[in-house]
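Source file: target-v2.csv (CSV, C-alpha atoms and all ligand atoms)
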```csv
chain,number,residue,atom,x,y,z
A,7,MET,CA,141.6,69.2,141.3
A,8,PRO,CA,138.1,67.9,142.1
A,9,GLN,CA,137.6,65.3,144.9
A,10,LYS,CA,137.2,61.7,144.0
A,11,LEU,CA,133.7,60.5,143.0
A,12,VAL,CA,132.2,57.3,144.2
A,13,ILE,CA,128.8,56.3,142.7
A,14,GLY,CA,126.6,53.4,143.8
A,15,ASN,CA,124.8,51.6,141.1
A,16,TRP,CA,122.0,49.6,142.8
A,17,LYS,CA,120.9,47.9,139.5
A,18,LEU,CA,117.7,46.0,139.9
A,19,ASN,CA,117.7,45.9,143.7
A,20,GLY,CA,115.9,47.5,146.5
A,21,SER,CA,112.6,48.0,148.3
A,22,LEU,CA,111.2,50.9,150.2
A,23,ALA,CA,112.3,49.4,153.5
A,24,ALA,CA,115.7,48.3,152.4
A,25,ASN,CA,116.5,51.6,150.7
A,26,GLU,CA,115.6,53.6,153.7
A,27,ALA,CA,117.8,51.5,155.9
A,28,LEU,CA,120.7,51.7,153.5
A,29,LEU,CA,120.5,55.4,152.9
A,30,LYS,CA,120.1,56.2,156.6
A,31,ALA,CA,123.2,54.2,157.4
A,32,CYS,CA,125.3,56.1,154.8
A,33,GLY,CA,126.3,59.0,157.0
A,34,ALA,CA,127.8,62.3,155.9
A,35,LEU,CA,131.4,62.2,154.7
A,36,ALA,CA,133.6,65.1,153.7
A,37,GLY,CA,136.4,64.8,151.2
A,38,VAL,CA,134.7,62.8,148.5
A,39,ASP,CA,131.7,63.3,146.1
A,40,ARG,CA,129.2,60.5,146.4
A,41,ALA,CA,126.1,59.6,144.4
A,42,VAL,CA,123.6,56.7,144.2
A,43,CYS,CA,122.0,55.6,141.0
A,44,VAL,CA,118.7,54.0,142.0
A,45,PRO,CA,115.8,52.3,140.1
A,46,PHE,CA,113.3,54.9,138.7
A,47,PRO,CA,110.5,54.2,141.2
A,48,TYR,CA,112.7,55.0,144.1
A,49,LEU,CA,114.1,58.3,142.9
A,50,ALA,CA,111.7,60.4,145.0
A,51,GLN,CA,112.3,58.3,148.1
A,52,ALA,CA,116.1,58.4,147.6
A,53,ALA,CA,116.0,62.2,147.0
A,54,SER,CA,114.6,62.6,150.5
A,55,LEU,CA,117.2,60.5,152.2
A,56,LEU,CA,120.5,61.5,150.4
A,57,GLY,CA,122.4,62.8,153.3
A,58,GLY,CA,124.8,64.8,151.1
A,59,MET,CA,125.0,62.4,148.3
A,60,ALA,CA,123.9,63.2,144.8
A,61,LEU,CA,121.1,61.4,143.0
A,62,GLY,CA,121.4,59.5,139.7
A,63,ALA,CA,119.5,57.1,137.4
A,64,GLN,CA,120.7,54.0,135.7
A,65,THR,CA,119.6,54.7,132.1
A,66,VAL,CA,117.6,57.3,130.2
A,67,SER,CA,115.5,57.5,127.1
A,68,GLU,CA,117.2,59.1,124.0
A,69,PHE,CA,113.8,60.7,123.3
A,70,GLN,CA,112.4,63.9,124.9
A,71,SER,CA,108.7,63.0,125.0
A,72,GLY,CA,106.0,61.3,123.0
A,73,ALA,CA,104.8,57.8,122.1
A,74,TYR,CA,107.6,55.8,123.6
A,75,THR,CA,105.8,53.6,126.1
A,76,GLY,CA,108.0,52.7,129.1
A,77,GLU,CA,110.6,55.3,128.5
A,78,VAL,CA,111.8,57.9,131.0
A,79,SER,CA,113.2,61.2,129.7
A,80,ALA,CA,116.2,63.1,130.9
A,81,GLU,CA,114.0,66.1,131.7
A,82,MET,CA,111.9,63.9,134.1
A,83,LEU,CA,115.1,62.7,135.8
A,84,ALA,CA,116.3,66.3,136.2
A,85,GLU,CA,112.9,67.2,137.6
A,86,MET,CA,113.2,64.4,140.2
A,87,GLY,CA,116.5,65.9,141.4
A,88,CYS,CA,119.0,63.7,139.4
A,89,ARG,CA,122.5,65.0,138.7
A,90,TYR,CA,123.8,61.9,137.1
A,91,VAL,CA,122.7,59.2,134.7
A,92,ILE,CA,124.5,56.1,133.7
A,93,VAL,CA,124.6,55.4,130.0
A,94,GLY,CA,126.0,52.4,128.1
A,95,HIS,CA,126.4,50.1,131.1
A,96,SER,CA,127.6,46.8,129.7
A,97,GLU,CA,124.4,45.1,131.0
A,98,ARG,CA,122.3,47.5,128.9
A,99,ARG,CA,124.6,46.9,125.9
A,100,ALA,CA,124.5,43.1,126.3
A,101,LEU,CA,121.0,42.4,127.5
A,102,PHE,CA,119.0,45.3,126.1
A,103,GLY,CA,120.6,45.8,122.7
A,104,GLU,CA,122.1,49.2,123.2
A,105,ASP,CA,124.7,49.9,120.6
A,106,ASP,CA,127.4,52.5,120.6
A,107,ALA,CA,125.3,55.1,118.7
A,108,THR,CA,122.4,54.6,121.1
A,109,VAL,CA,124.7,55.3,124.0
A,110,GLY,CA,125.8,58.5,122.3
A,111,ARG,CA,122.2,59.7,121.8
A,112,LYS,CA,121.4,58.9,125.4
A,113,ALA,CA,124.4,60.9,126.6
A,114,ALA,CA,123.2,63.8,124.3
A,115,ALA,CA,119.7,63.6,125.9
A,116,ALA,CA,121.3,63.7,129.4
A,117,LEU,CA,123.4,66.8,128.6
A,118,ARG,CA,120.4,68.6,127.0
A,119,SER,CA,118.6,68.4,130.3
A,120,GLY,CA,121.6,69.4,132.4
A,121,LEU,CA,122.5,65.9,133.7
A,122,VAL,CA,126.0,64.5,133.8
A,123,PRO,CA,126.2,61.3,131.8
A,124,ILE,CA,128.3,58.6,133.2
A,125,VAL,CA,129.5,56.9,130.0
A,126,CYS,CA,130.4,53.3,130.6
A,127,VAL,CA,133.0,51.6,128.4
A,128,GLY,CA,135.0,48.4,128.7
A,129,GLU,CA,136.2,45.3,127.0
A,130,SER,CA,135.2,41.6,127.3
A,131,LEU,CA,137.7,39.1,128.5
A,132,ALA,CA,138.3,37.8,124.9
A,133,GLU,CA,139.0,41.3,123.8
A,134,ARG,CA,141.5,41.9,126.6
A,135,GLU,CA,143.2,38.6,125.9
A,136,ALA,CA,143.5,39.6,122.3
A,137,GLY,CA,145.2,42.9,123.3
A,138,ARG,CA,142.2,44.9,121.9
A,139,VAL,CA,141.3,47.0,125.0
A,140,MET,CA,141.8,50.4,123.5
A,141,GLU,CA,140.5,49.4,120.2
A,142,VAL,CA,137.2,48.5,121.8
A,143,VAL,CA,137.1,51.4,124.3
A,144,GLY,CA,138.2,53.9,121.6
A,145,ARG,CA,135.3,52.7,119.4
A,146,GLN,CA,132.8,53.0,122.2
A,147,LEU,CA,134.1,56.5,123.1
A,148,GLY,CA,134.4,57.5,119.5
A,149,ALA,CA,130.7,56.8,118.8
A,150,VAL,CA,129.8,59.1,121.8
A,151,LEU,CA,132.2,61.8,120.6
A,152,GLU,CA,130.6,61.8,117.2
A,153,ILE,CA,127.2,62.7,118.8
A,154,ILE,CA,128.1,65.0,121.7
A,155,GLY,CA,131.4,66.4,120.5
A,156,ALA,CA,134.5,67.0,122.6
A,157,GLN,CA,132.7,69.7,124.6
A,158,GLY,CA,129.9,67.2,125.6
A,159,LEU,CA,132.5,64.6,126.4
A,160,SER,CA,134.3,67.1,128.6
A,161,ARG,CA,131.1,67.5,130.6
A,162,SER,CA,130.7,63.8,131.1
A,163,VAL,CA,132.1,61.3,133.6
A,164,ILE,CA,133.7,58.2,132.0
A,165,ALA,CA,133.4,54.8,133.8
A,166,TYR,CA,135.9,52.2,132.7
A,167,GLU,CA,134.2,48.9,133.5
A,168,PRO,CA,135.9,45.8,132.0
A,169,VAL,CA,133.0,43.4,131.4
A,170,TRP,CA,134.9,40.5,132.9
A,171,ALA,CA,135.2,42.3,136.2
A,172,ILE,CA,131.6,43.3,136.7
A,173,GLY,CA,129.8,41.2,139.3
A,174,SER,CA,132.5,38.5,139.0
A,175,GLY,CA,134.5,39.2,142.1
A,176,ARG,CA,137.5,39.5,139.9
A,177,ALA,CA,138.4,43.2,139.8
A,178,ALA,CA,141.1,44.5,137.5
A,179,SER,CA,144.3,44.8,139.4
A,180,ALA,CA,145.3,48.4,140.3
A,181,GLU,CA,148.0,48.2,137.5
A,182,GLU,CA,145.5,47.0,134.9
A,183,ALA,CA,143.0,49.7,135.8
A,184,GLY,CA,145.7,52.4,136.0
A,185,GLU,CA,147.0,51.5,132.6
A,186,ALA,CA,143.6,51.5,131.0
A,187,HIS,CA,142.7,54.8,132.7
A,188,ALA,CA,145.9,56.5,131.5
A,189,ALA,CA,145.2,55.2,128.0
A,190,ILE,CA,141.6,56.6,128.1
A,191,ARG,CA,142.8,60.0,129.3
A,192,ARG,CA,145.3,60.1,126.4
A,193,TRP,CA,142.5,59.2,124.0
A,194,LEU,CA,140.3,61.9,125.4
A,195,ALA,CA,143.1,64.5,125.1
A,196,GLU,CA,143.9,63.4,121.6
A,197,ASN,CA,140.3,63.9,120.7
A,198,GLY,CA,140.0,67.4,122.0
A,199,ALA,CA,138.3,66.8,125.4
A,200,LEU,CA,139.5,68.5,128.5
A,201,ALA,CA,141.0,65.3,129.6
A,202,ALA,CA,143.0,66.5,132.6
A,203,GLU,CA,139.8,67.9,134.2
A,204,MET,CA,137.6,64.8,133.5
A,205,ARG,CA,136.8,62.1,136.0
A,206,ILE,CA,137.4,58.6,134.9
A,207,LEU,CA,135.9,56.1,137.4
A,208,TYR,CA,136.8,52.4,137.7
A,209,GLY,CA,134.0,49.8,138.0
A,210,GLY,CA,133.9,46.1,138.3
A,211,SER,CA,134.1,44.2,141.7
A,212,VAL,CA,135.3,47.2,143.7
A,213,LYS,CA,135.1,46.1,147.3
A,214,ALA,CA,136.2,47.6,150.7
A,215,ASP,CA,139.5,45.6,150.5
A,216,ASN,CA,140.6,46.6,147.0
A,217,ALA,CA,139.3,50.1,146.8
A,218,ALA,CA,142.3,51.8,148.3
A,219,ALA,CA,144.8,50.3,145.9
A,220,LEU,CA,142.6,51.1,142.9
A,221,PHE,CA,142.0,54.7,144.0
A,222,ALA,CA,145.7,55.2,144.6
A,223,MET,CA,146.4,55.0,140.9
A,224,PRO,CA,146.9,58.5,139.5
A,225,ASP,CA,144.3,58.2,136.7
A,226,VAL,CA,141.6,56.5,138.8
A,227,ASP,CA,139.3,59.3,139.9
A,228,GLY,CA,136.8,57.2,141.8
A,229,GLY,CA,134.6,54.2,141.4
A,230,LEU,CA,131.2,52.9,140.1
A,231,ILE,CA,130.2,50.4,142.7
A,232,GLY,CA,127.6,47.7,142.1
A,233,GLY,CA,127.2,44.8,144.6
A,234,ALA,CA,129.2,46.6,147.4
A,235,ALA,CA,126.9,49.6,147.2
A,236,LEU,CA,124.0,47.6,148.6
A,237,SER,CA,125.8,47.4,152.0
A,238,ALA,CA,126.1,50.7,153.8
A,239,GLN,CA,129.2,49.4,155.6
A,240,ASP,CA,131.0,48.4,152.4
A,241,PHE,CA,129.9,51.5,150.5
A,242,MET,CA,131.1,53.8,153.3
A,243,ALA,CA,134.4,51.9,153.6
A,244,ILE,CA,134.9,52.4,149.8
A,245,CYS,CA,134.1,56.1,150.1
A,246,ARG,CA,136.6,56.4,153.0
A,247,ALA,CA,139.2,54.8,150.8
A,248,ALA,CA,138.5,57.5,148.3
A,249,VAL,CA,138.9,60.2,150.9
A,250,ALA,CA,142.2,58.7,152.0
A,251,ASN,CA,143.5,58.8,148.5
A,252,GLY,CA,142.8,62.5,148.1
A,253,ALA,CA,142.0,64.5,145.0
A,254,CYS,CA,141.8,63.3,141.5
B,301,LIG,P1,130.0,45.3,140.6
B,301,LIG,O1,129.2,46.2,139.5
B,301,LIG,O2,130.7,46.3,141.5
B,301,LIG,O3,128.9,44.5,141.3
B,301,LIG,O4,131.0,44.5,139.9
B,301,LIG,C1,129.8,47.4,139.0
B,301,LIG,C2,128.8,47.9,137.9
B,301,LIG,O5,128.2,47.1,137.2
B,301,LIG,O6,128.7,49.1,137.8
```

Any chance you could give the structure as structure tokens?
Amino acid sequence: MPQKLVIGNWKLNGSLAANEALLKACGALAGVDRAVCVPFPYLAQAASLLGGMALGAQTVSEFQSGAYTGEVSAEMLAEMGCRYVIVGHSERRALFGEDDATVGRKAAAALRSGLVPIVCVGESLAEREAGRVMEVVGRQLGAVLEIIGAQGLSRSVIAYEPVWAIGSGRAASAEEAGEAHAAIRRWLAENGALAAEMRILYGGSVKADNAAALFAMPDVDGGLIGGAALSAQDFMAICRAAVANGAC
């Protein structure tokens, strides 16, 4: 079984000075795979200060090249040393109009360039309260499956990020996360993906003090960390919790 995977999502944060301090303070750590997804302008800087972590970006263009002002292609990200790219983060869906099919096309672009897409899915609070978690997540995954197929999905990382837990300080409980992850793995298996080998990360208010309980759940293979990834101390504590909870 692979090691757990912990990925920092810096979102729209950072400066050359702050990034350098943060990355230098994240020392080497065995027993867990780690990555940081940084803003585009900082990819080169981060690439030089990774200390054993992998590099990722936070979004990618669905297009390969051409007249698409402002876009950044998967090939460019690969050239800068990226291994991962987040697609379909709920902030991109809610604030930048990315629909399910766009997310699928972005995942396809990532795979074409040899990147691993981190496909984000998750329900709103109203959807959870209405008992519609897997209806929503299944729709989001289904749209990606339609475009990249079960083979492509098998080469992706899935991040379950309930919208109500992101940046709210209210993480899903370990039981809520565990239940959703198990359901996602079942969905992946039923739809032809190599579900047992895939990593399903939890994201949404993961902190140093709740990481261990979340990572102890059998289907939680790591985390996608927002706010807490901006503190080396917190990020490292979360990574150590992943080490303590062993393989996926
Ligand atoms: P958070 O963000 O850890 O700040 O809740 C997680 C994410 O948006 O990926």

Contacts of ligand LIG 301 (chain B), 8 Å or closer, only C-alpha atoms and all ligand atoms, given as a PDB file with C-alpha atoms, in the frame of the given file:
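Output saved as result-v6.pdb:
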```pdb
ATOM      1  CA  GLY A  14     126.600  53.400 143.800  1.00  0.00           C
ATOM      2  CA  ASN A  15     124.800  51.600 141.100  1.00  0.00           C
ATOM      3  CA  LYS A  17     120.900  47.900 139.500  1.00  0.00           C
ATOM      4  CA  HIS A  95     126.400  50.100 131.100  1.00  0.00           C
ATOM      5  CA  SER A  96     127.600  46.800 129.700  1.00  0.00           C
ATOM      6  CA  GLU A  97     124.400  45.100 131.000  1.00  0.00           C
ATOM      7  CA  GLU A 167     134.200  48.900 133.500  1.00  0.00           C
ATOM      8  CA  ALA A 171     135.200  42.300 136.200  1.00  0.00           C
ATOM      9  CA  ILE A 172     131.600  43.300 136.700  1.00  0.00           C
ATOM     10  CA  GLY A 173     129.800  41.200 139.300  1.00  0.00           C
ATOM     11  CA  SER A 174     132.500  38.500 139.000  1.00  0.00           C
ATOM     12  CA  GLY A 175     134.500  39.200 142.100  1.00  0.00           C
ATOM     13  CA  ALA A 177     138.400  43.200 139.800  1.00  0.00           C
ATOM     14  CA  GLY A 209     134.000  49.800 138.000  1.00  0.00           C
ATOM     15  CA  GLY A 210     133.900  46.100 138.300  1.00  0.00           C
ATOM     16  CA  SER A 211     134.100  44.200 141.700  1.00  0.00           C
ATOM     17  CA  VAL A 212     135.300  47.200 143.700  1.00  0.00           C
ATOM     18  CA  LYS A 213     135.100  46.100 147.300  1.00  0.00           C
ATOM     19  CA  LEU A 230     131.200  52.900 140.100  1.00  0.00           C
ATOM     20  CA  ILE A 231     130.200  50.400 142.700  1.00  0.00           C
ATOM     21  CA  GLY A 232     127.600  47.700 142.100  1.00  0.00           C
ATOM     22  CA  GLY A 233     127.200  44.800 144.600  1.00  0.00           C
ATOM     23  CA  ALA A 234     129.200  46.600 147.400  1.00  0.00           C
ATOM     24  CA  ALA A 235     126.900  49.600 147.200  1.00  0.00           C
TER      25      ALA A 235
END
```

Radius query 8 Å about (146.3, 46.1, 143.1), atoms used: all atoms listed in the file, as a VMD selection string
chain A and resid 178 to 181 216 219 to 220

When you look at A:Asp225 with a cut-off of 12 Å (counting all atoms listed in the file), what residues show up, excluding the ones that are within fewer than 6 positions of it in the same chain? I need them as a PDB file with C-alpha atoms, in the coordinates of the input.
```
ATOM      1  CA  LYS A  10     137.200  61.700 144.000  1.00  0.00           C
ATOM      2  CA  ILE A 164     133.700  58.200 132.000  1.00  0.00           C
ATOM      3  CA  ALA A 165     133.400  54.800 133.800  1.00  0.00           C
ATOM      4  CA  TYR A 166     135.900  52.200 132.700  1.00  0.00           C
ATOM      5  CA  ALA A 180     145.300  48.400 140.300  1.00  0.00           C
ATOM      6  CA  GLU A 181     148.000  48.200 137.500  1.00  0.00           C
ATOM      7  CA  GLU A 182     145.500  47.000 134.900  1.00  0.00           C
ATOM      8  CA  ALA A 183     143.000  49.700 135.800  1.00  0.00           C
ATOM      9  CA  GLY A 184     145.700  52.400 136.000  1.00  0.00           C
ATOM     10  CA  GLU A 185     147.000  51.500 132.600  1.00  0.00           C
ATOM     11  CA  ALA A 186     143.600  51.500 131.000  1.00  0.00           C
ATOM     12  CA  HIS A 187     142.700  54.800 132.700  1.00  0.00           C
ATOM     13  CA  ALA A 188     145.900  56.500 131.500  1.00  0.00           C
ATOM     14  CA  ALA A 189     145.200  55.200 128.000  1.00  0.00           C
ATOM     15  CA  ILE A 190     141.600  56.600 128.100  1.00  0.00           C
ATOM     16  CA  ARG A 191     142.800  60.000 129.300  1.00  0.00           C
ATOM     17  CA  ARG A 192     145.300  60.100 126.400  1.00  0.00           C
ATOM     18  CA  ALA A 201     141.000  65.300 129.600  1.00  0.00           C
ATOM     19  CA  ALA A 202     143.000  66.500 132.600  1.00  0.00           C
ATOM     20  CA  GLU A 203     139.800  67.900 134.200  1.00  0.00           C
ATOM     21  CA  MET A 204     137.600  64.800 133.500  1.00  0.00           C
ATOM     22  CA  ARG A 205     136.800  62.100 136.000  1.00  0.00           C
ATOM     23  CA  ILE A 206     137.400  58.600 134.900  1.00  0.00           C
ATOM     24  CA  LEU A 207     135.900  56.100 137.400  1.00  0.00           C
ATOM     25  CA  TYR A 208     136.800  52.400 137.700  1.00  0.00           C
ATOM     26  CA  ASN A 251     143.500  58.800 148.500  1.00  0.00           C
ATOM     27  CA  ALA A 253     142.000  64.500 145.000  1.00  0.00           C
ATOM     28  CA  CYS A 254     141.800  63.300 141.500  1.00  0.00           C
TER      29      CYS A 254
END
```

List the neighbours of A:Val109 out to 7 Å using only C-alpha atoms; skip same-chain residues closer than 4 positions along the sequence, and give me the result as a PDB file with C-alpha atoms, in the frame of the given file.
```pdb
ATOM      1  CA  VAL A  93     124.600  55.400 130.000  1.00  0.00           C
ATOM      2  CA  GLY A  94     126.000  52.400 128.100  1.00  0.00           C
ATOM      3  CA  GLU A 104     122.100  49.200 123.200  1.00  0.00           C
ATOM      4  CA  ASP A 105     124.700  49.900 120.600  1.00  0.00           C
ATOM      5  CA  ALA A 113     124.400  60.900 126.600  1.00  0.00           C
ATOM      6  CA  VAL A 150     129.800  59.100 121.800  1.00  0.00           C
TER       7      VAL A 150
END
```

Original post:
So, counting only C-alpha atoms, which residue among A:Gly128, A:Ala248, A:Ala238, A:Arg111 is closest to A:Ala27?
Top reply: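 Ranking A:Gly128, A:Ala248, A:Ala238, A:Arg111 by distance to A:Ala27, first place goes to A:Ala238.
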
Counting all atoms listed in the file, note down every residue that has an atom within 12 Å of the point (111.3, 67.2, 140.5) (file coordinates), as a ChimeraX atom specification. /A:49-51,53-54,61,80-89

Just write stretch 165-233 of chain A with C-alpha atoms, as a PDB file, in the first residue's frame, taken from the block above.
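See part_5.pdb below for the written result:
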```pdb
ATOM      1  CA  ALA A 165     -10.065  14.920  -2.575  1.00  0.00           C
ATOM      2  CA  TYR A 166     -13.315  14.791  -0.626  1.00  0.00           C
ATOM      3  CA  GLU A 167     -13.844  18.341   0.583  1.00  0.00           C
ATOM      4  CA  PRO A 168     -17.281  19.092   2.005  1.00  0.00           C
ATOM      5  CA  VAL A 169     -17.913  22.738   1.138  1.00  0.00           C
ATOM      6  CA  TRP A 170     -19.181  23.519   4.647  1.00  0.00           C
ATOM      7  CA  ALA A 171     -15.889  22.349   6.176  1.00  0.00           C
ATOM      8  CA  ILE A 172     -13.536  24.405   4.005  1.00  0.00           C
ATOM      9  CA  GLY A 173     -12.017  27.350   5.841  1.00  0.00           C
ATOM     10  CA  SER A 174     -14.842  27.194   8.368  1.00  0.00           C
ATOM     11  CA  GLY A 175     -12.979  25.673  11.286  1.00  0.00           C
ATOM     12  CA  ARG A 176     -15.654  22.989  11.309  1.00  0.00           C
ATOM     13  CA  ALA A 177     -14.067  19.833   9.925  1.00  0.00           C
ATOM     14  CA  ALA A 178     -16.113  16.756   9.194  1.00  0.00           C
ATOM     15  CA  SER A 179     -15.904  14.345  12.095  1.00  0.00           C
ATOM     16  CA  ALA A 180     -13.689  11.323  11.525  1.00  0.00           C
ATOM     17  CA  GLU A 181     -16.860   9.223  11.227  1.00  0.00           C
ATOM     18  CA  GLU A 182     -18.458  11.570   8.676  1.00  0.00           C
ATOM     19  CA  ALA A 183     -15.271  11.647   6.625  1.00  0.00           C
ATOM     20  CA  GLY A 184     -14.756   7.891   6.918  1.00  0.00           C
ATOM     21  CA  GLU A 185     -18.306   7.189   5.786  1.00  0.00           C
ATOM     22  CA  ALA A 186     -18.044   9.503   2.771  1.00  0.00           C
ATOM     23  CA  HIS A 187     -14.646   8.104   1.781  1.00  0.00           C
ATOM     24  CA  ALA A 188     -15.905   4.525   1.963  1.00  0.00           C
ATOM     25  CA  ALA A 189     -18.868   5.484  -0.216  1.00  0.00           C
ATOM     26  CA  ILE A 190     -16.565   7.207  -2.714  1.00  0.00           C
ATOM     27  CA  ARG A 191     -14.325   4.139  -2.887  1.00  0.00           C
ATOM     28  CA  ARG A 192     -17.386   1.957  -3.510  1.00  0.00           C
ATOM     29  CA  TRP A 193     -18.518   4.335  -6.251  1.00  0.00           C
ATOM     30  CA  LEU A 194     -15.064   4.202  -7.875  1.00  0.00           C
ATOM     31  CA  ALA A 195     -15.021   0.387  -7.767  1.00  0.00           C
ATOM     32  CA  GLU A 196     -18.541   0.156  -9.193  1.00  0.00           C
ATOM     33  CA  ASN A 197     -17.483   2.403 -12.029  1.00  0.00           C
ATOM     34  CA  GLY A 198     -14.447   0.398 -13.058  1.00  0.00           C
ATOM     35  CA  ALA A 199     -11.633   2.347 -11.404  1.00  0.00           C
ATOM     36  CA  LEU A 200      -8.819   0.661  -9.473  1.00  0.00           C
ATOM     37  CA  ALA A 201     -10.450   1.881  -6.288  1.00  0.00           C
ATOM     38  CA  ALA A 202      -8.368  -0.085  -3.801  1.00  0.00           C
ATOM     39  CA  GLU A 203      -5.161   1.482  -5.117  1.00  0.00           C
ATOM     40  CA  MET A 204      -6.440   5.051  -5.329  1.00  0.00           C
ATOM     41  CA  ARG A 205      -5.793   7.716  -2.733  1.00  0.00           C
ATOM     42  CA  ILE A 206      -8.796   9.584  -1.393  1.00  0.00           C
ATOM     43  CA  LEU A 207      -7.767  12.657   0.598  1.00  0.00           C
ATOM     44  CA  TYR A 208      -9.925  14.541   3.067  1.00  0.00           C
ATOM     45  CA  GLY A 209      -9.929  18.344   2.991  1.00  0.00           C
ATOM     46  CA  GLY A 210     -11.747  20.956   5.059  1.00  0.00           C
ATOM     47  CA  SER A 211     -10.383  22.458   8.294  1.00  0.00           C
ATOM     48  CA  VAL A 212      -7.761  19.757   8.875  1.00  0.00           C
ATOM     49  CA  LYS A 213      -5.638  21.003  11.767  1.00  0.00           C
ATOM     50  CA  ALA A 214      -2.842  19.612  13.908  1.00  0.00           C
ATOM     51  CA  ASP A 215      -5.359  18.544  16.550  1.00  0.00           C
ATOM     52  CA  ASN A 216      -7.860  16.660  14.359  1.00  0.00           C
ATOM     53  CA  ALA A 217      -5.530  15.185  11.725  1.00  0.00           C
ATOM     54  CA  ALA A 218      -4.715  11.992  13.622  1.00  0.00           C
ATOM     55  CA  ALA A 219      -8.375  11.031  14.102  1.00  0.00           C
ATOM     56  CA  LEU A 220      -9.174  11.720  10.436  1.00  0.00           C
ATOM     57  CA  PHE A 221      -6.111   9.820   9.148  1.00  0.00           C
ATOM     58  CA  ALA A 222      -6.940   6.856  11.377  1.00  0.00           C
ATOM     59  CA  MET A 223     -10.079   6.165   9.314  1.00  0.00           C
ATOM     60  CA  PRO A 224      -9.397   3.251   6.955  1.00  0.00           C
ATOM     61  CA  ASP A 225     -10.450   5.031   3.758  1.00  0.00           C
ATOM     62  CA  VAL A 226      -8.813   8.393   4.513  1.00  0.00           C
ATOM     63  CA  ASP A 227      -5.516   8.230   2.637  1.00  0.00           C
ATOM     64  CA  GLY A 228      -4.242  11.677   3.545  1.00  0.00           C
ATOM     65  CA  GLY A 229      -5.313  15.297   3.482  1.00  0.00           C
ATOM     66  CA  LEU A 230      -5.603  18.435   1.385  1.00  0.00           C
ATOM     67  CA  ILE A 231      -4.677  21.207   3.768  1.00  0.00           C
ATOM     68  CA  GLY A 232      -5.549  24.886   3.294  1.00  0.00           C
ATOM     69  CA  GLY A 233      -5.098  27.323   6.173  1.00  0.00           C
TER      70      GLY A 233
END
```
